[in-house]
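S.K.: The structure follows.
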Amino acid sequence: MAALVRLVYEHLPLLSDVLALRNTCHSVQDIGSSILSKRFDDTVEPYVGTHLTQLRYLMHGTHAVIVGSCAMQMLLGNDVVTRDLNILVAHGGRVAMHSFIAHTLHYQRVYNVHINYIYKDCTSNFAKYQCGERIITLTEAAEDGLFKVILSSPTTADMTFMTVGGLAVLYPEWTLHRTTVINHTVLSAEAGKNVGCIEQGLWQVERGAAFLGKPCGSLCPSLWRNIRDSVHQGLVLQWDMRQNVASLMRKSNTMWRLAEHCQNIQCPFNPTVNGRLTLIPPKEIPGDLRGIQQQEHRIEHHLPAYRKKYVGILYGTKAVKPHLVTVPVRDGLDRLSHISHLEVSHWLDYAGPNKLMIPTSRGRKTFNVGEDPDATSGPHGYTFFREHPKAYAPPNALIRELAKIANNLDDVDGNVLVIKHMWKNKHNVLDCTHEDVEHVSEILTKCVTFTPSEL
């Protein structure tokens with residue numbers, strides 16, 4: 001029986017099929033786990049020999065992932081030929097991994113090589129090592145994290161990555177069918193100028209989603225995606241829970257999209273064919289009552305209609321008082337499970353110059369309010385959203401008046417949007433009411449008066 005089960009496993013090239021069979025019943029689970037572990041070993045062993053245990057230990061300690069052809073072979077099977085072992089470590093993890101590659105594996109460093117232009121702005125160090133015909137590359141992420149490097153990859157398939165115990169595919173609908181879509185980071189798709197799937201002949205490489213021949217839906221290149229959400233939206237395959245790839249993803253605070261505008265003529269998120277698609281952020285950030293009313297009209301008539309909306313408080317730069325405003329959940333989402341799902345850019349330039357990849361925690365500050373014994377709704381908190389510093393927004397005259405600011409250096413620049421939520425749970429959003437305005441203004445005034453950097 002065991003021999004037959006092993007034979008079935010060996011004829012399943014896709015990692016997802018191997019995992020599916022392993023989870024069918026207890027009798028095949030142990031065999032499946034050993035097959036999966038061996039599959040990983042067979043993929044990596046040509047590069048590290050007998051030092052697999054040490055590699056596992058170092059990858060965990062340096063928050064490292066494997067990308068490129070080895071990750072793709074683990075996913076798709078042996079018909080993918082590995083060319084090199086590409087290791088990506090978190091910032092600060094380079095020294096330990098370099099020592100392992102150079103001194104334990106006895107690879108020689110190859111000098112005068114440079115990382116592809118796509119990754120220059122998101123990495124702090126790159127090195128190439130060679131031992132005979134085997135090549136290992138070691139890339140250290142910049143301080144803003146591993147996922148910025150992964151999401152800068154030239155195509156969607158190249159965003160596939162694995163730990164020693166799991167693998168994540170951010171665009172499984174395309175990748176498993178050997179189709180990949182070019183990312184915004186690619187300046188030229190000419191052969192020889194890129195890395196990854198563009199340079200291979202095994203992939204159907206597309207410039208956008210028009211090849212679908214139908215509306216893009218949730219796969220639209222212009223829709224924001226969140227690494228945390230990809231634990232459920234993507235394909236996460238786990239064979240060793242001690243090295244949990246999903247846990248690594250949940251710690252991320254990165255959002256991205258492939259393109260600012262969709263080019264698929266059948267997609268409602270293509271602004272060329274849909275005149276009711278709201279420009280976000282607006283050309284002129286709404287700072288007074290008239291601007292707020294105009295933006296509310298745009299939100300109300302936005303097409304496709306927003307599926308969920310909340311009410312926040314806006315402190316506009318030119319307003320004479322705070323206003324309650326509509327804050328919808330982003331296009332493509334039915335509900336909110338993370339505060340980053342709110343489309344706050346209707347009311348402020350949150351992303352700044354980078355319209356394609358942003359940290360979800362940038363430009364916001366949360367204040368949890370102690371429980372009021374006279375309150376009927378229980379304790380709650382407020383999160384304040386600020387404009388990006390490189391939006392170079394004008395000073396906020398409303399906040400200056402409320403906080404009695406006298407020094408220009410103490411001014412708050414740009415609009416401030418306030419979201420109400422449950423106490424110590426900013427992802428459980430509540431609607432603001434007029435009763436909240438006075439309380440929020442008091443928090444804002446104290447914050448600006450005593451610790452302006454906190455807002």
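Just so we're on the same page: first chain in the structure tokens is A, next is B, and so on; residues restart at 1 for each chain, and ligands are numbered from 1 in the order they show up.
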Skip stretch 53-60 of chain A itself and residues of its chain fewer than 3 positions away, then list as a PyMOL selection string all residues within 7 Å of it, counting only C-alpha atoms.
M.R.: chain A and resi 63-65+97+164
S.K.: Could the residues in this selection be written to a file with C-alpha atoms, as a compact mmCIF listing (two decimals), in the first residue's frame?
M.R.:
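So out.txt came out as:
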```txt
# COMPACT_ATOMS: atom_id res chain seq x y z
CA HIS A 63 13.93 35.74 7.97
CA ALA A 64 15.08 34.47 4.59
CA VAL A 65 13.05 33.23 1.64
CA MET A 97 24.28 33.95 5.30
CA VAL A 164 11.93 25.89 4.24
```
S.K.: Which polymer residues have any atom within 8 Å of an atom of A:Asp334, counting only C-alpha atoms, with same-chain residues fewer than 3 positions away left out, as a list of chain:residue names?
M.R.: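 Once the adjacent positions are removed, what remains is A:Arg307, A:Lys308, A:Val329.
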S.K.: Please provide as a PyMOL selection string all residues within 9 Å of stretch 317-324 of chain A, with the sequence filter that same-chain residues fewer than 5 positions apart are discarded (counting only C-alpha atoms).
M.R.: chain A and resi 286-289+292+311-312+393-399+413-416+432-434+437+441
S.K.: Can you check which parts of stretch 22-127 of chain A lie within 10 Å of stretch 165-188 of chain A? Per residue, the shortest pair of atoms and distance in Å to one decimal, counting only C-alpha atoms, sorted by chain and number, as a tab-separated table.
M.R.:
```
residue	atom	partner	partner_atom	distance
A:Leu36	CA	A:Gly165	CA	9.3
A:Ser37	CA	A:Gly165	CA	8.2
A:Phe40	CA	A:Gly165	CA	8.6
A:Arg56	CA	A:Gly165	CA	9.0
A:His60	CA	A:Gly165	CA	9.9
A:Val65	CA	A:Leu167	CA	9.2
A:Ile66	CA	A:Leu167	CA	9.2
A:Val67	CA	A:Leu167	CA	9.8
A:Ala71	CA	A:Leu167	CA	7.6
A:Met72	CA	A:Thr175	CA	9.5
A:Met74	CA	A:Leu167	CA	8.3
A:Leu75	CA	A:Leu167	CA	7.7
A:Leu76	CA	A:Leu176	CA	7.5
A:Tyr117	CA	A:Val186	CA	9.0
A:Ile118	CA	A:Thr185	CA	6.0
A:Tyr119	CA	A:Thr185	CA	8.7
```
S.K.: Give me the residues near stretch 81-86 of chain A as a list of chain:residue names, where near means some atom within 7 Å (using only C-alpha atoms) and where sequence neighbours in that chain fewer than 6 positions away do not count.
M.R.: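 Counting only C-alpha atoms, the residues come to A:Tyr47, A:Ile66, A:Val67, A:Gly68, A:Ser69, A:Cys70, A:Gln73, A:Arg134, A:Ile135, A:Ile136, A:Thr137, A:Leu138.
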S.K.: Take the residues from that selection and put them in a file with N, CA and C atoms, as a short mmCIF file (atom, residue, chain, number, x, y, z; two decimals), in the first residue's frame.
M.R.:
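The new file again39.cif reads:
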```cif
data_model
loop_
_atom_site.label_atom_id
_atom_site.label_comp_id
_atom_site.auth_asym_id
_atom_site.auth_seq_id
_atom_site.Cartn_x
_atom_site.Cartn_y
_atom_site.Cartn_z
N TYR A 47 22.76 22.61 -4.36
CA TYR A 47 23.49 23.84 -4.08
C TYR A 47 24.16 23.84 -2.71
N ILE A 66 13.39 31.87 -0.30
CA ILE A 66 13.99 31.48 -1.58
C ILE A 66 13.05 31.91 -2.70
N VAL A 67 13.59 32.56 -3.70
CA VAL A 67 12.80 33.02 -4.84
C VAL A 67 13.43 32.45 -6.11
N GLY A 68 12.82 32.76 -7.25
CA GLY A 68 13.40 32.35 -8.52
C GLY A 68 13.10 30.91 -8.90
N SER A 69 14.02 30.30 -9.65
CA SER A 69 13.75 29.01 -10.29
C SER A 69 13.60 27.87 -9.28
N CYS A 70 14.26 27.94 -8.13
CA CYS A 70 14.11 26.88 -7.13
C CYS A 70 12.69 26.88 -6.54
N GLN A 73 10.45 25.48 -9.22
CA GLN A 73 10.54 24.03 -9.35
C GLN A 73 9.78 23.34 -8.22
N ARG A 134 27.54 25.60 -10.19
CA ARG A 134 26.46 26.02 -9.30
C ARG A 134 26.62 27.49 -8.90
N ILE A 135 25.50 28.18 -8.87
CA ILE A 135 25.50 29.61 -8.53
C ILE A 135 24.49 29.86 -7.41
N ILE A 136 24.88 30.64 -6.43
CA ILE A 136 23.97 31.13 -5.39
C ILE A 136 24.02 32.65 -5.41
N THR A 137 22.86 33.28 -5.37
CA THR A 137 22.82 34.73 -5.21
C THR A 137 22.24 35.05 -3.84
N LEU A 138 22.79 36.07 -3.21
CA LEU A 138 22.34 36.51 -1.88
C LEU A 138 21.94 37.98 -1.96
#
```
S.K.: Considering only C-alpha atoms, can you say which of A:Leu277, A:Ser152, A:Glu140, A:Phe367 comes closest to A:Glu442?
M.R.: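 Residue with the minimum atom-to-atom distance to A:Glu442: A:Phe367.
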S.K.: Env of A:Thr278: 10 Å cut, atoms = only C-alpha atoms, seq-sep filter 5 positions within chain, self excluded. Answer as a PDB file with N, CA and C atoms, in the first residue's frame.
M.R.:
```pdb
ATOM      1  N   PHE A 269     -12.707  48.867 -14.244  1.00  0.00           N
ATOM      2  CA  PHE A 269     -11.700  49.688 -13.579  1.00  0.00           C
ATOM      3  C   PHE A 269     -10.728  50.336 -14.572  1.00  0.00           C
ATOM      4  N   PRO A 271     -10.205  53.418 -16.699  1.00  0.00           N
ATOM      5  CA  PRO A 271     -10.787  54.769 -16.754  1.00  0.00           C
ATOM      6  C   PRO A 271     -11.097  55.242 -18.169  1.00  0.00           C
ATOM      7  N   GLN A 295     -16.623  65.835  -3.540  1.00  0.00           N
ATOM      8  CA  GLN A 295     -16.056  64.499  -3.397  1.00  0.00           C
ATOM      9  C   GLN A 295     -17.097  63.489  -2.929  1.00  0.00           C
ATOM     10  N   ARG A 298     -18.882  62.366  -5.949  1.00  0.00           N
ATOM     11  CA  ARG A 298     -18.099  61.406  -6.728  1.00  0.00           C
ATOM     12  C   ARG A 298     -18.162  60.013  -6.093  1.00  0.00           C
ATOM     13  N   ILE A 299     -18.061  59.948  -4.785  1.00  0.00           N
ATOM     14  CA  ILE A 299     -18.120  58.658  -4.091  1.00  0.00           C
ATOM     15  C   ILE A 299     -19.485  58.009  -4.294  1.00  0.00           C
ATOM     16  N   GLU A 300     -20.537  58.807  -4.185  1.00  0.00           N
ATOM     17  CA  GLU A 300     -21.900  58.292  -4.330  1.00  0.00           C
ATOM     18  C   GLU A 300     -22.154  57.735  -5.725  1.00  0.00           C
ATOM     19  N   HIS A 301     -21.551  58.367  -6.748  1.00  0.00           N
ATOM     20  CA  HIS A 301     -21.799  57.964  -8.134  1.00  0.00           C
ATOM     21  C   HIS A 301     -20.660  57.141  -8.724  1.00  0.00           C
ATOM     22  N   HIS A 302     -19.736  56.735  -7.880  1.00  0.00           N
ATOM     23  CA  HIS A 302     -18.613  55.911  -8.335  1.00  0.00           C
ATOM     24  C   HIS A 302     -19.144  54.597  -8.905  1.00  0.00           C
ATOM     25  N   LEU A 303     -18.568  54.171 -10.024  1.00  0.00           N
ATOM     26  CA  LEU A 303     -18.976  52.931 -10.663  1.00  0.00           C
ATOM     27  C   LEU A 303     -17.729  52.102 -10.997  1.00  0.00           C
ATOM     28  N   PRO A 304     -17.687  50.837 -10.572  1.00  0.00           N
ATOM     29  CA  PRO A 304     -18.692  50.068  -9.836  1.00  0.00           C
ATOM     30  C   PRO A 304     -18.942  50.653  -8.436  1.00  0.00           C
ATOM     31  N   HIS A 346      -9.523  59.213  -0.874  1.00  0.00           N
ATOM     32  CA  HIS A 346     -10.547  60.154  -1.338  1.00  0.00           C
ATOM     33  C   HIS A 346     -10.372  61.511  -0.653  1.00  0.00           C
TER      34      HIS A 346
END
```
S.K.: Please return, as a VMD selection string, all residues of stretch 229-362 of chain A that DSSP assigns to alpha helix (DSSP H) on the basis of the backbone.
M.R.: chain A and resid 230 to 233 245 to 250 289 to 300
S.K.: Pick from A:Lys404, A:Arg225, A:Lys148, A:His261: nearest to A:Lys446, with only C-alpha atoms counted?
M.R.: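 Nearest to A:Lys446: A:Lys404.
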S.K.: Using only C-alpha atoms, which residue out of A:Glu296, A:Glu387, A:Asp431, A:Glu284 lies closest to A:Ile313?
M.R.: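 Closest residue, counting only C-alpha atoms: A:Asp431.
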S.K.: Which polymer residues have any atom within 7 Å of an atom of A:Asn253, counting only C-alpha atoms, with same-chain residues fewer than 4 positions away left out, as number ranges by chain?
M.R.: A: 359-361
S.K.: Give the strand (DSSP E or B) residues of stretch 75-250 of chain A, as DSSP finds them on the backbone, and put them as a PyMOL selection string.
M.R.: chain A and resi 85-89+108-110+123-131+134-141+155+161-162+166-169+179-182+204-206+225-226+235-238
S.K.: Which one of A:Arg242, A:Lys420, A:Leu223, A:Asn112 sits closest to A:Cys262 if you count only C-alpha atoms?
M.R.: A:Leu223
